[in-house]
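Visitor: One structure is given below, represented as structure tokens, and several questions about it will come after.
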Amino acid sequence: MNLILLGPPGSGKGTQAKLLSQHFQLNHISSGELLRQEVAQNTPKGKLIAQIMNQGELVPFDTVLDLILKQINTSPNGFILDGTPRDLSQAEHMDWFFNQNHIHLDTVIYYQLDDPIALNRLANRAREENRSDDTPQTHRERLRIYHQKTQPVIDYYQKQHKLVTIDARPDIDTIFTNTLKLLPSK
């Protein structure tokens with residue numbers, strides 16, 4: 001099973017991806033986590049990525065794609081892409097890549113969440129995890145970019161009849177249970 005998880009920052013898609021990857025034995029590929037690992041290595045590439053992320057901007061897709069392709073190719077049971085694609089051209093490029101490599105995308109899960117709740121969750125996460133890229137200014141900028149660039153991706157997958165929408169307001173367990181109801185059992 002191959003899945004893509006979409007949703008605004010703070011919607012819990014990373015948490016749900018971890019739960020789903022354990023439940024279905026899928027490789028959880030988080031573009032954000034891969035980028036943070038690259039930053040932690042303090043390479044010239046990592047320093048550039050840090051600068052982009054600290055401004056709340058999107059890292060160029062070629063950079064993200066390089067990191068996630070290695071992970072996709074090592075996923076015997078399937079994968080969960082968390083945080084990619086982030087705009088329409090990325091979604092189209094992912095479709096092209098999947099077609100070229102005979103990879104079937106089963107479902108795109110959209111975790112829907114209103115901005116005030118997302119901002120509150122992001123503020124709580126920033127305090128709990130002490131992430132340097134988590135500030136109120138970057139939170140607002142990420143949400144602005146999300147609405148501008150990622151919303152068309154949701155429409156794109158909906159037209160392909162691959163999108164399922166989950167309300168991301170409840171607690172983690174309820175969201176997980178609701179997600180499982182919409183996926184085929186393994």
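Going through the structure tokens in order, the chains are called A, B, and so on, while each chain numbers its residues from 1 and the ligands are numbered from 1 in the order shown.
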Write out as a ChimeraX atom specification all residues of chain A that backbone DSSP assigns to strand (DSSP E).
Guide: /A:3-6,27-30,79-82,107-112,163-167
Visitor: So that I have them on file, write out the residues from the current selection with N, CA and C atoms, as an mmCIF file, in the first residue's frame.
Guide:
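Output file result23.cif follows:
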```
data_model
loop_
_atom_site.group_PDB
_atom_site.id
_atom_site.type_symbol
_atom_site.label_atom_id
_atom_site.label_comp_id
_atom_site.auth_asym_id
_atom_site.auth_seq_id
_atom_site.Cartn_x
_atom_site.Cartn_y
_atom_site.Cartn_z
ATOM 1 N N LEU A 3 0.762 5.419 0.227
ATOM 2 C CA LEU A 3 -0.109 6.502 0.656
ATOM 3 C C LEU A 3 0.642 7.828 0.640
ATOM 4 N N ILE A 4 -0.110 8.899 0.429
ATOM 5 C CA ILE A 4 0.380 10.260 0.631
ATOM 6 C C ILE A 4 -0.526 10.899 1.669
ATOM 7 N N LEU A 5 0.088 11.576 2.649
ATOM 8 C CA LEU A 5 -0.676 12.291 3.660
ATOM 9 C C LEU A 5 -0.508 13.782 3.444
ATOM 10 N N LEU A 6 -1.632 14.483 3.377
ATOM 11 C CA LEU A 6 -1.644 15.930 3.204
ATOM 12 C C LEU A 6 -2.404 16.566 4.361
ATOM 13 N N ASN A 27 6.936 1.926 5.083
ATOM 14 C CA ASN A 27 8.050 2.842 5.305
ATOM 15 C C ASN A 27 7.495 4.268 5.401
ATOM 16 N N HIS A 28 7.683 4.899 6.558
ATOM 17 C CA HIS A 28 7.230 6.280 6.758
ATOM 18 C C HIS A 28 8.309 7.214 6.250
ATOM 19 N N ILE A 29 7.997 7.966 5.210
ATOM 20 C CA ILE A 29 8.947 8.894 4.606
ATOM 21 C C ILE A 29 8.458 10.311 4.864
ATOM 22 N N SER A 30 9.109 10.982 5.808
ATOM 23 C CA SER A 30 8.760 12.353 6.153
ATOM 24 C C SER A 30 9.765 13.289 5.517
ATOM 25 N N PHE A 79 4.816 2.496 1.162
ATOM 26 C CA PHE A 79 5.315 3.671 1.863
ATOM 27 C C PHE A 79 4.199 4.648 2.161
ATOM 28 N N ILE A 80 4.519 5.537 3.084
ATOM 29 C CA ILE A 80 3.668 6.679 3.401
ATOM 30 C C ILE A 80 4.518 7.917 3.190
ATOM 31 N N LEU A 81 4.113 8.767 2.260
ATOM 32 C CA LEU A 81 4.790 10.046 2.051
ATOM 33 C C LEU A 81 4.098 11.092 2.910
ATOM 34 N N ASP A 82 4.852 11.710 3.771
ATOM 35 C CA ASP A 82 4.331 12.693 4.719
ATOM 36 C C ASP A 82 5.002 14.028 4.421
ATOM 37 N N THR A 107 -3.872 5.745 -2.117
ATOM 38 C CA THR A 107 -4.770 6.716 -1.495
ATOM 39 C C THR A 107 -3.990 7.945 -1.040
ATOM 40 N N VAL A 108 -4.657 9.095 -1.130
ATOM 41 C CA VAL A 108 -4.135 10.341 -0.572
ATOM 42 C C VAL A 108 -5.081 10.723 0.564
ATOM 43 N N ILE A 109 -4.530 10.834 1.759
ATOM 44 C CA ILE A 109 -5.328 11.165 2.934
ATOM 45 C C ILE A 109 -5.105 12.636 3.264
ATOM 46 N N TYR A 110 -6.199 13.382 3.304
ATOM 47 C CA TYR A 110 -6.151 14.807 3.618
ATOM 48 C C TYR A 110 -6.690 15.016 5.021
ATOM 49 N N TYR A 111 -5.819 15.455 5.937
ATOM 50 C CA TYR A 111 -6.207 15.767 7.305
ATOM 51 C C TYR A 111 -6.595 17.235 7.368
ATOM 52 N N GLN A 112 -7.894 17.474 7.430
ATOM 53 C CA GLN A 112 -8.449 18.822 7.362
ATOM 54 C C GLN A 112 -8.480 19.460 8.751
ATOM 55 N N LEU A 163 -8.473 10.838 -3.204
ATOM 56 C CA LEU A 163 -8.450 11.601 -1.965
ATOM 57 C C LEU A 163 -9.544 11.157 -1.001
ATOM 58 N N VAL A 164 -9.152 10.972 0.264
ATOM 59 C CA VAL A 164 -10.120 10.807 1.351
ATOM 60 C C VAL A 164 -9.825 11.905 2.366
ATOM 61 N N THR A 165 -10.874 12.465 2.962
ATOM 62 C CA THR A 165 -10.724 13.568 3.902
ATOM 63 C C THR A 165 -11.052 13.083 5.309
ATOM 64 N N ILE A 166 -10.172 13.445 6.244
ATOM 65 C CA ILE A 166 -10.339 13.087 7.654
ATOM 66 C C ILE A 166 -10.357 14.382 8.472
ATOM 67 N N ASP A 167 -11.301 14.483 9.387
ATOM 68 C CA ASP A 167 -11.360 15.617 10.306
ATOM 69 C C ASP A 167 -10.207 15.471 11.301
#
```
Visitor: Write out as a PyMOL selection string which residues come within 12 Å of Ile103 of chain A when counting only C-alpha atoms, dropping same-chain ones fewer than 3 positions away.
Guide: chain A and resi 1-3+69+72-73+75-79+94-100+106
Visitor: In terms of the shortest atom-to-atom distance over only C-alpha atoms, which of A:Asp87, A:Tyr157, A:Thr179, A:Ser11 is closest to Asn120 of chain A?
Guide: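 For Asn120 of chain A, the nearest of the given residues is A:Ser11.
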Visitor: Write out as an mmCIF file with N, CA, C and O atoms, in the first residue's frame each polymer residue whose atoms come within 10 Å of Pro136 of chain A, counting only C-alpha atoms; drop sequence neighbours fewer than 4 positions from it.
Guide:
```
data_model
loop_
_atom_site.group_PDB
_atom_site.id
_atom_site.type_symbol
_atom_site.label_atom_id
_atom_site.label_comp_id
_atom_site.auth_asym_id
_atom_site.auth_seq_id
_atom_site.Cartn_x
_atom_site.Cartn_y
_atom_site.Cartn_z
ATOM 1 N N LEU A 119 -2.561 26.679 14.403
ATOM 2 C CA LEU A 119 -1.607 27.598 15.034
ATOM 3 C C LEU A 119 -1.405 27.265 16.514
ATOM 4 O O LEU A 119 -0.280 27.311 17.018
ATOM 5 N N ASN A 120 -2.479 26.917 17.188
ATOM 6 C CA ASN A 120 -2.379 26.527 18.598
ATOM 7 C C ASN A 120 -1.539 25.259 18.757
ATOM 8 O O ASN A 120 -0.661 25.185 19.622
ATOM 9 N N LEU A 122 0.733 24.132 16.696
ATOM 10 C CA LEU A 122 2.118 24.442 16.335
ATOM 11 C C LEU A 122 2.843 25.140 17.482
ATOM 12 O O LEU A 122 4.023 24.859 17.746
ATOM 13 N N ALA A 123 2.153 26.035 18.164
ATOM 14 C CA ALA A 123 2.757 26.718 19.305
ATOM 15 C C ALA A 123 3.084 25.717 20.414
ATOM 16 O O ALA A 123 4.166 25.773 21.023
ATOM 17 N N ALA A 126 6.097 23.647 19.344
ATOM 18 C CA ALA A 126 7.334 24.426 19.443
ATOM 19 C C ALA A 126 7.866 24.421 20.871
ATOM 20 O O ALA A 126 9.072 24.285 21.098
ATOM 21 N N ARG A 140 2.754 31.088 10.795
ATOM 22 C CA ARG A 140 1.809 31.832 9.945
ATOM 23 C C ARG A 140 2.238 31.765 8.478
ATOM 24 O O ARG A 140 1.406 31.620 7.587
ATOM 25 N N GLU A 141 3.544 31.861 8.242
ATOM 26 C CA GLU A 141 4.046 31.802 6.862
ATOM 27 C C GLU A 141 3.817 30.429 6.255
ATOM 28 O O GLU A 141 3.422 30.314 5.097
ATOM 29 N N ARG A 142 4.017 29.379 7.017
ATOM 30 C CA ARG A 142 3.769 28.020 6.510
ATOM 31 C C ARG A 142 2.302 27.824 6.159
ATOM 32 O O ARG A 142 1.984 27.210 5.146
#
```
Visitor: At most 10 Å is the cut-off: for each residue in segment 72-122 of chain A with any atom that close to an atom of segment 48-64 of chain A, write down the nearest atom pair and the distance in Å rounded to one decimal, counting only C-alpha atoms, chain first then increasing number, as CSV.
Guide:
```
residue,atom,partner,partner_atom,distance
A:Thr84,CA,A:Val64,CA,8.3
A:Pro85,CA,A:Phe61,CA,8.5
A:Arg86,CA,A:Leu58,CA,8.3
A:Asp87,CA,A:Phe61,CA,9.4
A:Ser89,CA,A:Phe61,CA,9.3
A:Gln90,CA,A:Phe61,CA,7.0
A:His93,CA,A:Phe61,CA,9.6
```
Visitor: For the residues in the current selection, export C-alpha atoms as a PDB file, in the first residue's frame.
Guide:
```
ATOM      1  CA  THR A  84       5.238  15.804  -0.082  1.00  0.00           C
ATOM      2  CA  PRO A  85       4.001  16.922  -2.584  1.00  0.00           C
ATOM      3  CA  ARG A  86       3.518  20.522  -1.490  1.00  0.00           C
ATOM      4  CA  ASP A  87       2.393  22.124  -4.730  1.00  0.00           C
ATOM      5  CA  SER A  89       3.912  20.818 -10.023  1.00  0.00           C
ATOM      6  CA  GLN A  90       5.336  18.489  -7.361  1.00  0.00           C
ATOM      7  CA  HIS A  93       6.085  15.276 -11.066  1.00  0.00           C
TER       8      HIS A  93
END
```
Visitor: Identify which of the residues A:Ala91, A:Gln41, A:Gly14, A:Leu20 lies closest to Thr150 of chain A, counting only C-alpha atoms when measuring atom-to-atom distances.
Guide: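 Of all the options, A:Ala91 lies closest to Thr150 of chain A.
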Visitor: Apply DSSP to the backbone of this structure and, from segment 10-169 of chain A, keep only the residues in alpha helix (DSSP H); write these as a PyMOL selection string.
Guide: chain A and resi 13-24+31-40+44-54+61-72+88-100+115-129+136-145+151-159
Visitor: Compare A:His139, A:Arg169, A:Lys162, A:Lys70 by their minimum atom-to-atom distance to Asp114 of chain A, counting only C-alpha atoms, and give me the closest one.
Guide: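 Result for the nearest residue to Asp114 of chain A: A:Arg169.
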